[in-house]
file query14.cif (mmCIF, C-alpha atoms)
data_input
#
loop_
_atom_site.label_atom_id
_atom_site.label_comp_id
_atom_site.auth_asym_id
_atom_site.auth_seq_id
_atom_site.Cartn_x
_atom_site.Cartn_y
_atom_site.Cartn_z
CA MET A 1 0.00 0.00 0.00
CA ALA A 2 1.40 3.34 -0.99
CA LEU A 3 1.48 5.67 1.98
CA GLN A 4 2.19 9.34 1.73
CA THR A 5 3.05 11.70 4.50
CA GLY A 6 2.34 15.40 4.63
CA MET A 7 -1.22 16.63 4.26
CA CYS A 8 -2.69 13.10 4.20
CA LEU A 9 -2.28 10.44 6.82
CA LEU A 10 -3.18 7.73 4.36
CA HIS A 11 -3.56 7.91 0.61
CA LYS A 12 -4.06 5.22 -1.97
CA GLN A 13 -5.00 5.26 -5.62
CA PHE A 14 -6.67 2.36 -7.38
CA ALA A 15 -6.89 1.86 -11.14
CA LEU A 16 -9.47 -0.69 -12.18
CA ASP A 17 -10.66 -2.23 -15.38
CA ALA A 18 -14.44 -2.12 -15.66
CA ALA A 19 -14.93 -5.84 -15.06
CA THR A 20 -17.17 -7.43 -12.46
CA ALA A 21 -14.64 -10.22 -11.85
CA ARG A 22 -12.33 -7.57 -10.37
CA LEU A 23 -14.79 -6.40 -7.72
CA ALA A 24 -14.05 -9.04 -5.06
CA GLY A 25 -10.28 -8.40 -5.21
CA PHE A 26 -10.82 -4.66 -5.09
CA ARG A 27 -13.06 -4.99 -2.04
CA GLU A 28 -10.25 -6.85 -0.25
CA ASP A 29 -7.79 -4.06 -1.09
CA LEU A 30 -10.24 -1.41 0.12
CA ARG A 31 -10.89 -3.31 3.37
CA ALA A 32 -7.12 -3.42 4.00
CA PHE A 33 -6.88 0.34 3.44
CA LEU A 34 -9.81 1.01 5.78
CA ALA A 35 -8.36 -1.25 8.48
CA GLN A 36 -5.13 0.68 8.28
CA ALA A 37 -7.13 3.90 8.69
CA GLY A 38 -8.67 2.46 11.86
CA PHE A 39 -12.22 1.82 10.63
CA ASP A 40 -13.99 -0.93 12.54
CA GLU A 41 -15.55 -3.85 10.69
CA LYS A 42 -19.02 -2.31 10.63
CA SER A 43 -17.97 1.08 9.27
CA SER A 44 -15.60 -0.57 6.84
CA GLY A 45 -18.47 -2.73 5.59
CA GLU A 46 -20.55 0.38 4.97
CA VAL A 47 -17.82 2.06 2.93
CA VAL A 48 -17.03 -1.09 0.95
CA LEU A 49 -20.68 -1.62 0.02
CA ALA A 50 -21.17 2.07 -0.86
CA VAL A 51 -18.15 2.06 -3.17
CA ASP A 52 -18.93 -1.35 -4.63
CA GLU A 53 -22.42 -0.17 -5.58
CA ARG A 54 -20.96 2.81 -7.42
CA LEU A 55 -18.43 0.64 -9.26
CA THR A 56 -21.12 -1.86 -10.25
CA ASN A 57 -23.25 1.02 -11.50
CA ILE A 58 -20.40 2.31 -13.66
CA ILE A 59 -19.63 -1.15 -15.08
CA ARG A 60 -23.26 -2.00 -15.72
CA HIS A 61 -24.77 1.30 -16.85
CA GLY A 62 -21.79 3.55 -17.66
CA TYR A 63 -19.67 1.18 -19.73
CA ARG A 64 -22.63 -1.22 -20.36
CA GLY A 65 -20.48 -4.26 -19.68
CA GLY A 66 -17.83 -3.17 -22.18
CA PRO A 67 -14.22 -2.19 -21.51
CA GLY A 68 -13.42 0.96 -19.60
CA LYS A 69 -11.27 2.49 -16.88
CA ILE A 70 -12.21 3.42 -13.35
CA GLU A 71 -9.90 5.47 -11.12
CA LEU A 72 -10.38 5.67 -7.39
CA ASP A 73 -8.57 7.96 -5.00
CA ALA A 74 -8.89 7.27 -1.26
CA ARG A 75 -7.60 9.65 1.39
CA PHE A 76 -7.94 9.50 5.13
CA SER A 77 -7.00 12.31 7.47
CA ASP A 78 -8.34 13.90 10.67
CA GLY A 79 -10.99 11.19 11.11
CA SER A 80 -12.43 11.79 7.67
CA LEU A 81 -12.33 9.49 4.67
CA LYS A 82 -12.65 10.95 1.18
CA ILE A 83 -13.05 8.70 -1.83
CA SER A 84 -13.26 10.03 -5.38
CA ILE A 85 -14.42 7.70 -8.15
CA LYS A 86 -13.77 8.71 -11.74
CA ASP A 87 -14.94 7.03 -14.92
CA TYR A 88 -14.93 7.98 -18.58
CA SER A 89 -18.37 6.82 -19.65
CA ALA A 90 -21.16 9.16 -20.82
CA LYS A 91 -21.99 11.89 -18.33
CA PHE A 92 -24.77 10.89 -15.97
CA ASN A 93 -25.43 12.28 -12.53
CA PRO A 94 -26.74 9.35 -10.45
CA LEU A 95 -27.80 11.72 -7.69
CA ASN A 96 -30.62 12.99 -9.91
CA GLN A 97 -32.34 9.61 -9.66
CA PRO A 98 -35.46 9.62 -7.49
CA ALA A 99 -35.33 7.70 -4.23
CA PRO A 100 -36.59 4.12 -4.61
CA LYS A 101 -39.78 2.90 -3.01
CA LEU A 102 -38.94 0.78 0.04
CA PRO A 103 -39.24 -2.11 0.28
CA PRO A 104 -38.74 -2.49 -3.46
CA GLU A 105 -41.43 -4.51 -5.22
CA ASN A 106 -39.21 -5.24 -8.21
CA PRO A 107 -35.54 -6.25 -8.48
CA GLY A 108 -32.96 -3.51 -8.92
CA GLY A 109 -32.74 0.24 -8.41
CA LEU A 110 -31.09 0.21 -4.99
CA GLY A 111 -27.46 0.90 -5.95
CA ILE A 112 -27.16 4.67 -5.63
CA PHE A 113 -29.64 4.63 -2.74
CA LEU A 114 -27.24 2.39 -0.79
CA THR A 115 -24.22 4.54 -1.71
CA ARG A 116 -25.98 7.66 -0.38
CA LYS A 117 -27.37 5.92 2.68
CA LEU A 118 -24.06 4.41 3.78
CA MET A 119 -21.84 7.47 3.30
CA ASP A 120 -22.09 10.78 5.14
CA GLU A 121 -21.73 12.92 2.01
CA VAL A 122 -21.99 12.12 -1.69
CA THR A 123 -21.49 14.78 -4.37
CA TYR A 124 -21.31 14.69 -8.15
CA ASP A 125 -18.58 16.87 -9.62
CA GLU A 126 -20.04 18.62 -12.64
CA SER A 127 -16.69 20.25 -13.40
CA PHE A 128 -15.19 16.96 -14.61
CA ARG A 129 -15.84 17.06 -18.35
CA SER A 130 -14.37 13.73 -19.51
CA GLY A 131 -16.85 11.47 -17.75
CA ASN A 132 -18.14 11.21 -14.22
CA LEU A 133 -16.60 12.04 -10.87
CA LEU A 134 -18.30 11.19 -7.62
CA HIS A 135 -16.95 12.26 -4.23
CA LEU A 136 -17.83 10.19 -1.18
CA LYS A 137 -17.13 11.19 2.42
CA LYS A 138 -17.33 9.21 5.65
CA TYR A 139 -16.51 10.31 9.19
CA LYS A 140 -14.85 7.48 11.05
CA ASP A 141 -16.49 8.09 14.40
CA LYS A 142 -20.00 8.84 13.15
CA ARG A 143 -22.40 5.97 13.59
CA GLY A 144 -23.69 4.55 10.30
CA PRO A 145 -26.79 2.56 9.39
CA LEU A 146 -25.37 -0.98 9.20
CA MET B 1 -19.42 -18.03 -4.36
CA LYS B 2 -20.11 -21.70 -3.71
CA ILE B 3 -23.63 -22.98 -4.03
CA GLN B 4 -24.61 -26.36 -2.63
CA GLN B 5 -28.05 -27.73 -3.32
CA ARG B 6 -29.86 -30.51 -1.47
CA GLN B 7 -33.40 -31.64 -0.79
CA ALA B 8 -35.16 -32.18 2.54
CA GLY B 9 -38.40 -33.88 1.57
CA ASP B 10 -40.06 -31.57 -0.94
CA VAL B 11 -38.02 -28.57 0.23
CA HIS B 12 -35.07 -27.46 -1.88
CA VAL B 13 -32.24 -26.13 0.30
CA PHE B 14 -29.56 -23.90 -1.20
CA GLU B 15 -26.52 -23.30 0.97
CA LEU B 16 -24.36 -20.41 -0.19
CA ALA B 17 -20.81 -19.56 0.81
CA GLY B 18 -18.83 -16.46 -0.09
CA GLU B 19 -19.75 -13.00 -1.37
CA LEU B 20 -22.93 -12.32 -3.32
CA ASP B 21 -22.41 -9.45 -5.74
CA PHE B 22 -23.05 -8.43 -9.34
CA HIS B 23 -20.46 -10.94 -10.53
CA THR B 24 -21.69 -13.95 -8.54
CA SER B 25 -25.46 -13.39 -8.42
CA PRO B 26 -26.13 -14.62 -12.03
CA ASP B 27 -24.86 -18.07 -10.99
CA LEU B 28 -27.30 -18.14 -8.08
CA ARG B 29 -30.12 -16.93 -10.32
CA SER B 30 -29.46 -19.68 -12.87
CA LYS B 31 -29.36 -22.37 -10.16
CA LEU B 32 -32.58 -21.14 -8.55
CA GLN B 33 -34.47 -20.84 -11.82
CA PRO B 34 -35.24 -24.56 -12.48
CA VAL B 35 -36.74 -24.81 -8.99
CA THR B 36 -38.54 -21.47 -8.71
CA GLU B 37 -40.30 -21.82 -12.05
CA LYS B 38 -42.23 -24.85 -10.74
CA SER B 39 -45.57 -24.19 -9.12
CA SER B 40 -45.87 -24.54 -5.33
CA HIS B 41 -42.10 -24.86 -4.93
CA LYS B 42 -40.53 -24.69 -1.48
CA VAL B 43 -37.10 -23.12 -1.24
CA ILE B 44 -34.80 -22.39 1.69
CA ILE B 45 -31.67 -20.36 1.18
CA ASN B 46 -29.12 -20.73 3.96
CA LEU B 47 -26.87 -17.67 4.16
CA LYS B 48 -24.76 -18.60 7.19
CA LYS B 49 -21.57 -18.55 5.10
CA VAL B 50 -22.38 -15.39 3.13
CA ASN B 51 -20.47 -12.47 4.58
CA TYR B 52 -21.25 -9.87 1.91
CA ILE B 53 -24.25 -8.95 -0.20
CA ASP B 54 -24.83 -6.01 -2.53
CA SER B 55 -27.93 -4.73 -4.31
CA SER B 56 -27.47 -7.33 -7.08
CA GLY B 57 -27.74 -10.07 -4.47
CA LEU B 58 -30.83 -8.41 -3.00
CA ALA B 59 -32.32 -8.18 -6.51
CA THR B 60 -31.81 -11.91 -7.02
CA PHE B 61 -33.78 -12.64 -3.86
CA VAL B 62 -36.53 -10.13 -4.75
CA GLU B 63 -36.90 -11.87 -8.12
CA ALA B 64 -37.11 -15.27 -6.40
CA LEU B 65 -39.72 -13.90 -4.01
CA GLN B 66 -41.80 -12.58 -6.91
CA LYS B 67 -41.70 -16.04 -8.52
CA ALA B 68 -42.70 -17.70 -5.24
CA LYS B 69 -45.70 -15.38 -4.91
CA ARG B 70 -46.77 -15.93 -8.51
CA SER B 71 -46.57 -19.72 -8.28
CA SER B 72 -47.92 -20.21 -4.74
CA GLY B 73 -44.43 -21.25 -3.69
CA LYS B 74 -42.48 -20.53 -0.53
CA LEU B 75 -39.13 -18.88 -0.05
CA VAL B 76 -37.43 -18.74 3.33
CA LEU B 77 -34.03 -17.18 4.00
CA THR B 78 -32.16 -18.42 7.04
CA GLU B 79 -29.10 -17.85 9.24
CA LEU B 80 -28.27 -14.39 7.92
CA MET B 81 -25.06 -12.93 9.30
CA PRO B 82 -25.60 -9.53 10.98
CA SER B 83 -23.75 -7.70 8.20
CA VAL B 84 -26.05 -9.25 5.59
CA ARG B 85 -29.23 -8.79 7.63
CA SER B 86 -28.40 -5.08 8.01
CA VAL B 87 -28.46 -4.63 4.24
CA PHE B 88 -31.92 -6.24 4.09
CA GLU B 89 -33.04 -3.90 6.86
CA ILE B 90 -31.77 -0.74 5.15
CA ALA B 91 -33.86 -1.65 2.08
CA LYS B 92 -36.76 -2.64 4.40
CA LEU B 93 -36.69 -6.06 2.80
CA ASP B 94 -36.73 -7.73 6.22
CA LYS B 95 -40.44 -6.76 6.20
CA VAL B 96 -41.28 -8.74 3.07
CA PHE B 97 -39.04 -11.81 3.27
CA THR B 98 -39.59 -14.72 5.63
CA LEU B 99 -36.37 -14.78 7.66
CA ALA B 100 -35.67 -17.72 9.95
CA ALA B 101 -33.02 -17.87 12.68
CA THR B 102 -32.23 -21.54 12.10
CA GLU B 103 -32.57 -23.99 9.25
CA ALA B 104 -34.87 -26.16 11.40
CA GLU B 105 -37.20 -23.19 11.81
CA ALA B 106 -36.92 -22.47 8.08
CA LEU B 107 -37.96 -26.05 7.29
CA GLU B 108 -41.03 -25.68 9.48
CA LEU B 109 -41.96 -22.39 7.82
CA ALA B 110 -41.41 -23.77 4.31
CA ALA B 111 -43.43 -26.90 5.02
CA SER B 112 -46.37 -25.13 6.71
#

call {"tool": "encode", "arguments": {"input": "query14.cif", "output": "structure tokens"}}
result
Amino acid sequence: MALQTGMCLLHKQFALDAATARLAGFREDLRAFLAQAGFDEKSSGEVVLAVDERLTNIIRHGYRGGPGKIELDARFSDGSLKISIKDYSAKFNPLNQPAPKLPPENPGGLGIFLTRKLMDEVTYDESFRSGNLLHLKKYKDKRGPL
Amino acid sequence: MKIQQRQAGDVHVFELAGELDFHTSPDLRSKLQPVTEKSSHKVIINLKKVNYIDSSGLATFVEALQKAKRSSGKLVLTELMPSVRSVFEIAKLDKVFTLAATEAEALELAAS
């Protein structure tokens, strides 16, 4: 794991191919990063699921199962985790989707709902012109829903 | 994801192990399909060895529940780990699924 000192206590960048077979290995890497940042199992599980849902969404709807690149930047400092997820598929702000009806009567439609529910802040960066950039934030000591 | 299938009387028991996500859920869906398309089927899914589920996994179960309702079948999920149960609860799906603490209880619920 690449660690950097200075402004960030912990910093790691991930470059992923848009392939669902890569998700399990990525989740392991992210869990290791979160453990190093001091997240307990429950909070770590929330972050991993939130990020995994976004990645699945990009693979499934952004790249439509085809090839593509996903870049993820994770930084932890002062009790706050910031994760930025960048892809180069057609621009689409997932935060504009209406909230799903709960419990869902039909399969699907829960991905971005879970990402928003499990993180403390989620923002879509309109300034990124080459694709999509989503910023996720989680405070380590704030109790989450899981 | 490992999927083991066995029968207890007329109840089909699926025991899963591993992580249920967008990559692994199609395998579960294809193994459930031959059973859930029969009328009045009885299915138990034991999740005691599933430590991770995402919305694709939830969607697979919602689809199976729809089929059970349409064909007068029964679907019971059992032995959910707390981390998995929490995801059902966030989506309020614990209100619509029959969740059993033990497989013995699940067998009773499926057979009733």

call {"tool": "resolve_selection", "arguments": {"input": "query14.cif", "expression": "the PyMOL selection byres ((chain A and resi 31) around 12)", "output": "PyMOL selection string"}}
result
chain A and resi 1+24-30+32-49+51-52+74

call {"tool": "write_last_selection", "arguments": {"input": "query14.cif", "atoms": "C-alpha atoms", "output": "tab-separated table (two decimals), in the frame of the given file"}}
result
chain	number	residue	atom	x	y	z
A	1	MET	CA	0.00	0.00	0.00
A	24	ALA	CA	-14.05	-9.04	-5.06
A	25	GLY	CA	-10.28	-8.40	-5.21
A	26	PHE	CA	-10.82	-4.66	-5.09
A	27	ARG	CA	-13.06	-4.99	-2.04
A	28	GLU	CA	-10.25	-6.85	-0.25
A	29	ASP	CA	-7.79	-4.06	-1.09
A	30	LEU	CA	-10.24	-1.41	0.12
A	32	ALA	CA	-7.12	-3.42	4.00
A	33	PHE	CA	-6.88	0.34	3.44
A	34	LEU	CA	-9.81	1.01	5.78
A	35	ALA	CA	-8.36	-1.25	8.48
A	36	GLN	CA	-5.13	0.68	8.28
A	37	ALA	CA	-7.13	3.90	8.69
A	38	GLY	CA	-8.67	2.46	11.86
A	39	PHE	CA	-12.22	1.82	10.63
A	40	ASP	CA	-13.99	-0.93	12.54
A	41	GLU	CA	-15.55	-3.85	10.69
A	42	LYS	CA	-19.02	-2.31	10.63
A	43	SER	CA	-17.97	1.08	9.27
A	44	SER	CA	-15.60	-0.57	6.84
A	45	GLY	CA	-18.47	-2.73	5.59
A	46	GLU	CA	-20.55	0.38	4.97
A	47	VAL	CA	-17.82	2.06	2.93
A	48	VAL	CA	-17.03	-1.09	0.95
A	49	LEU	CA	-20.68	-1.62	0.02
A	51	VAL	CA	-18.15	2.06	-3.17
A	52	ASP	CA	-18.93	-1.35	-4.63
A	74	ALA	CA	-8.89	7.27	-1.26

call {"tool": "interface_residues", "arguments": {"input": "query14.cif", "of": "chain A", "to": "chain B", "cutoff": "8 Å", "atoms": "all atoms listed in the file", "output": "list in words"}}
result
Thr20, Ala21, Leu23, Ala24, Lys42, Gly45, Leu49, Asp52, Glu53, Thr56, Leu102, Pro103, Pro104, Glu105, Asn106, Pro107, Gly108, Leu110, Gly111, Leu114, Pro145 and Leu146 of chain A

call {"tool": "closest_residue", "arguments": {"input": "query14.cif", "among": "A:Ile112, A:Ala15, A:Leu95, A:Leu10", "to": "Asp125 (chain A)", "atoms": "all atoms listed in the file"}}
result
A:Leu95

call {"tool": "resolve_selection", "arguments": {"input": "query14.cif", "expression": "the PyMOL selection byres ((chain B and resi 73) around 12)", "output": "PyMOL selection string"}}
result
chain B and resi 10-12+35-44+64-72+74-76+109-112

call {"tool": "residues_around", "arguments": {"input": "query14.cif", "residues": "region 57-70 of chain A", "least_positions_apart": "2", "cutoff": "7 Å", "atoms": "only C-alpha atoms", "output": "list in words"}}
result
Ala15, Leu16, Asp17, Ala18, Ala19, Glu53, Arg54, Leu55, Leu72, Lys86, Asp87, Tyr88, Ser89, Ala90 and Gly111 of chain A

call {"tool": "atom_distance", "arguments": {"input": "query14.cif", "atom1": "CA of Leu16 (chain B)", "atom2": "CA of Lys48 (chain B)"}}
result
7.6 Å

call {"tool": "resolve_selection", "arguments": {"input": "query14.cif", "expression": "the PyMOL selection byres ((chain A and resi 133) around 7)", "output": "PyMOL selection string"}}
result
chain A and resi 84-87+124-125+128+131-132+134-135

call {"tool": "write_last_selection", "arguments": {"input": "query14.cif", "atoms": "C-alpha atoms", "output": "PDB file, in the coordinates of the input"}}
result
ATOM      1  CA  SER A  84     -13.260  10.030  -5.380  1.00  0.00           C
ATOM      2  CA  ILE A  85     -14.420   7.700  -8.150  1.00  0.00           C
ATOM      3  CA  LYS A  86     -13.770   8.710 -11.740  1.00  0.00           C
ATOM      4  CA  ASP A  87     -14.940   7.030 -14.920  1.00  0.00           C
ATOM      5  CA  TYR A 124     -21.310  14.690  -8.150  1.00  0.00           C
ATOM      6  CA  ASP A 125     -18.580  16.870  -9.620  1.00  0.00           C
ATOM      7  CA  PHE A 128     -15.190  16.960 -14.610  1.00  0.00           C
ATOM      8  CA  GLY A 131     -16.850  11.470 -17.750  1.00  0.00           C
ATOM      9  CA  ASN A 132     -18.140  11.210 -14.220  1.00  0.00           C
ATOM     10  CA  LEU A 134     -18.300  11.190  -7.620  1.00  0.00           C
ATOM     11  CA  HIS A 135     -16.950  12.260  -4.230  1.00  0.00           C
TER      12      HIS A 135
END

call {"tool": "atom_distance", "arguments": {"input": "query14.cif", "atom1": "CA of Ser25 (chain B)", "atom2": "CA of Glu105 (chain B)"}}
result
25.4 Å

call {"tool": "atom_distance", "arguments": {"input": "query14.cif", "atom1": "CA of Ile83 (chain A)", "atom2": "CA of Ala99 (chain A)"}}
result
22.4 Å

call {"tool": "closest_residue", "arguments": {"input": "query14.cif", "among": "A:Glu126, A:Glu121, A:Asp78, A:Glu71", "to": "Lys138 (chain A)", "atoms": "only C-alpha atoms"}}
result
A:Glu121

call {"tool": "decode", "arguments": {"input": "query14.cif", "residues": "region 60-73 of chain B", "atoms": "N, CA and C atoms", "output": "tab-separated table (two decimals), in the first residue's frame"}}
result
chain	number	residue	atom	x	y	z
B	60	THR	N	-31.62	-10.49	-6.72
B	60	THR	CA	-31.81	-11.91	-7.02
B	60	THR	C	-32.86	-12.52	-6.08
B	61	PHE	N	-32.80	-12.12	-4.82
B	61	PHE	CA	-33.78	-12.64	-3.86
B	61	PHE	C	-35.17	-12.04	-4.10
B	62	VAL	N	-35.23	-10.76	-4.45
B	62	VAL	CA	-36.53	-10.13	-4.75
B	62	VAL	C	-37.18	-10.84	-5.94
B	63	GLU	N	-36.38	-11.15	-6.93
B	63	GLU	CA	-36.90	-11.87	-8.12
B	63	GLU	C	-37.43	-13.25	-7.72
B	64	ALA	N	-36.68	-13.94	-6.86
B	64	ALA	CA	-37.11	-15.27	-6.40
B	64	ALA	C	-38.39	-15.17	-5.58
B	65	LEU	N	-38.51	-14.10	-4.81
B	65	LEU	CA	-39.72	-13.90	-4.01
B	65	LEU	C	-40.93	-13.64	-4.91
B	66	GLN	N	-40.72	-12.84	-5.95
B	66	GLN	CA	-41.80	-12.58	-6.91
B	66	GLN	C	-42.29	-13.89	-7.53
B	67	LYS	N	-41.34	-14.76	-7.90
B	67	LYS	CA	-41.70	-16.04	-8.52
B	67	LYS	C	-42.46	-16.91	-7.52
B	68	ALA	N	-42.02	-16.90	-6.27
B	68	ALA	CA	-42.70	-17.70	-5.24
B	68	ALA	C	-44.15	-17.24	-5.08
B	69	LYS	N	-44.34	-15.91	-5.08
B	69	LYS	CA	-45.70	-15.38	-4.91
B	69	LYS	C	-46.58	-15.74	-6.10
B	70	ARG	N	-45.99	-15.66	-7.29
B	70	ARG	CA	-46.77	-15.93	-8.51
B	70	ARG	C	-47.17	-17.40	-8.62
B	71	SER	N	-46.33	-18.29	-8.08
B	71	SER	CA	-46.57	-19.72	-8.28
B	71	SER	C	-46.98	-20.43	-6.99
B	72	SER	N	-47.49	-19.64	-6.04
B	72	SER	CA	-47.92	-20.21	-4.74
B	72	SER	C	-46.81	-21.02	-4.09
B	73	GLY	N	-45.58	-20.57	-4.29
B	73	GLY	CA	-44.43	-21.25	-3.69
B	73	GLY	C	-44.04	-20.59	-2.37
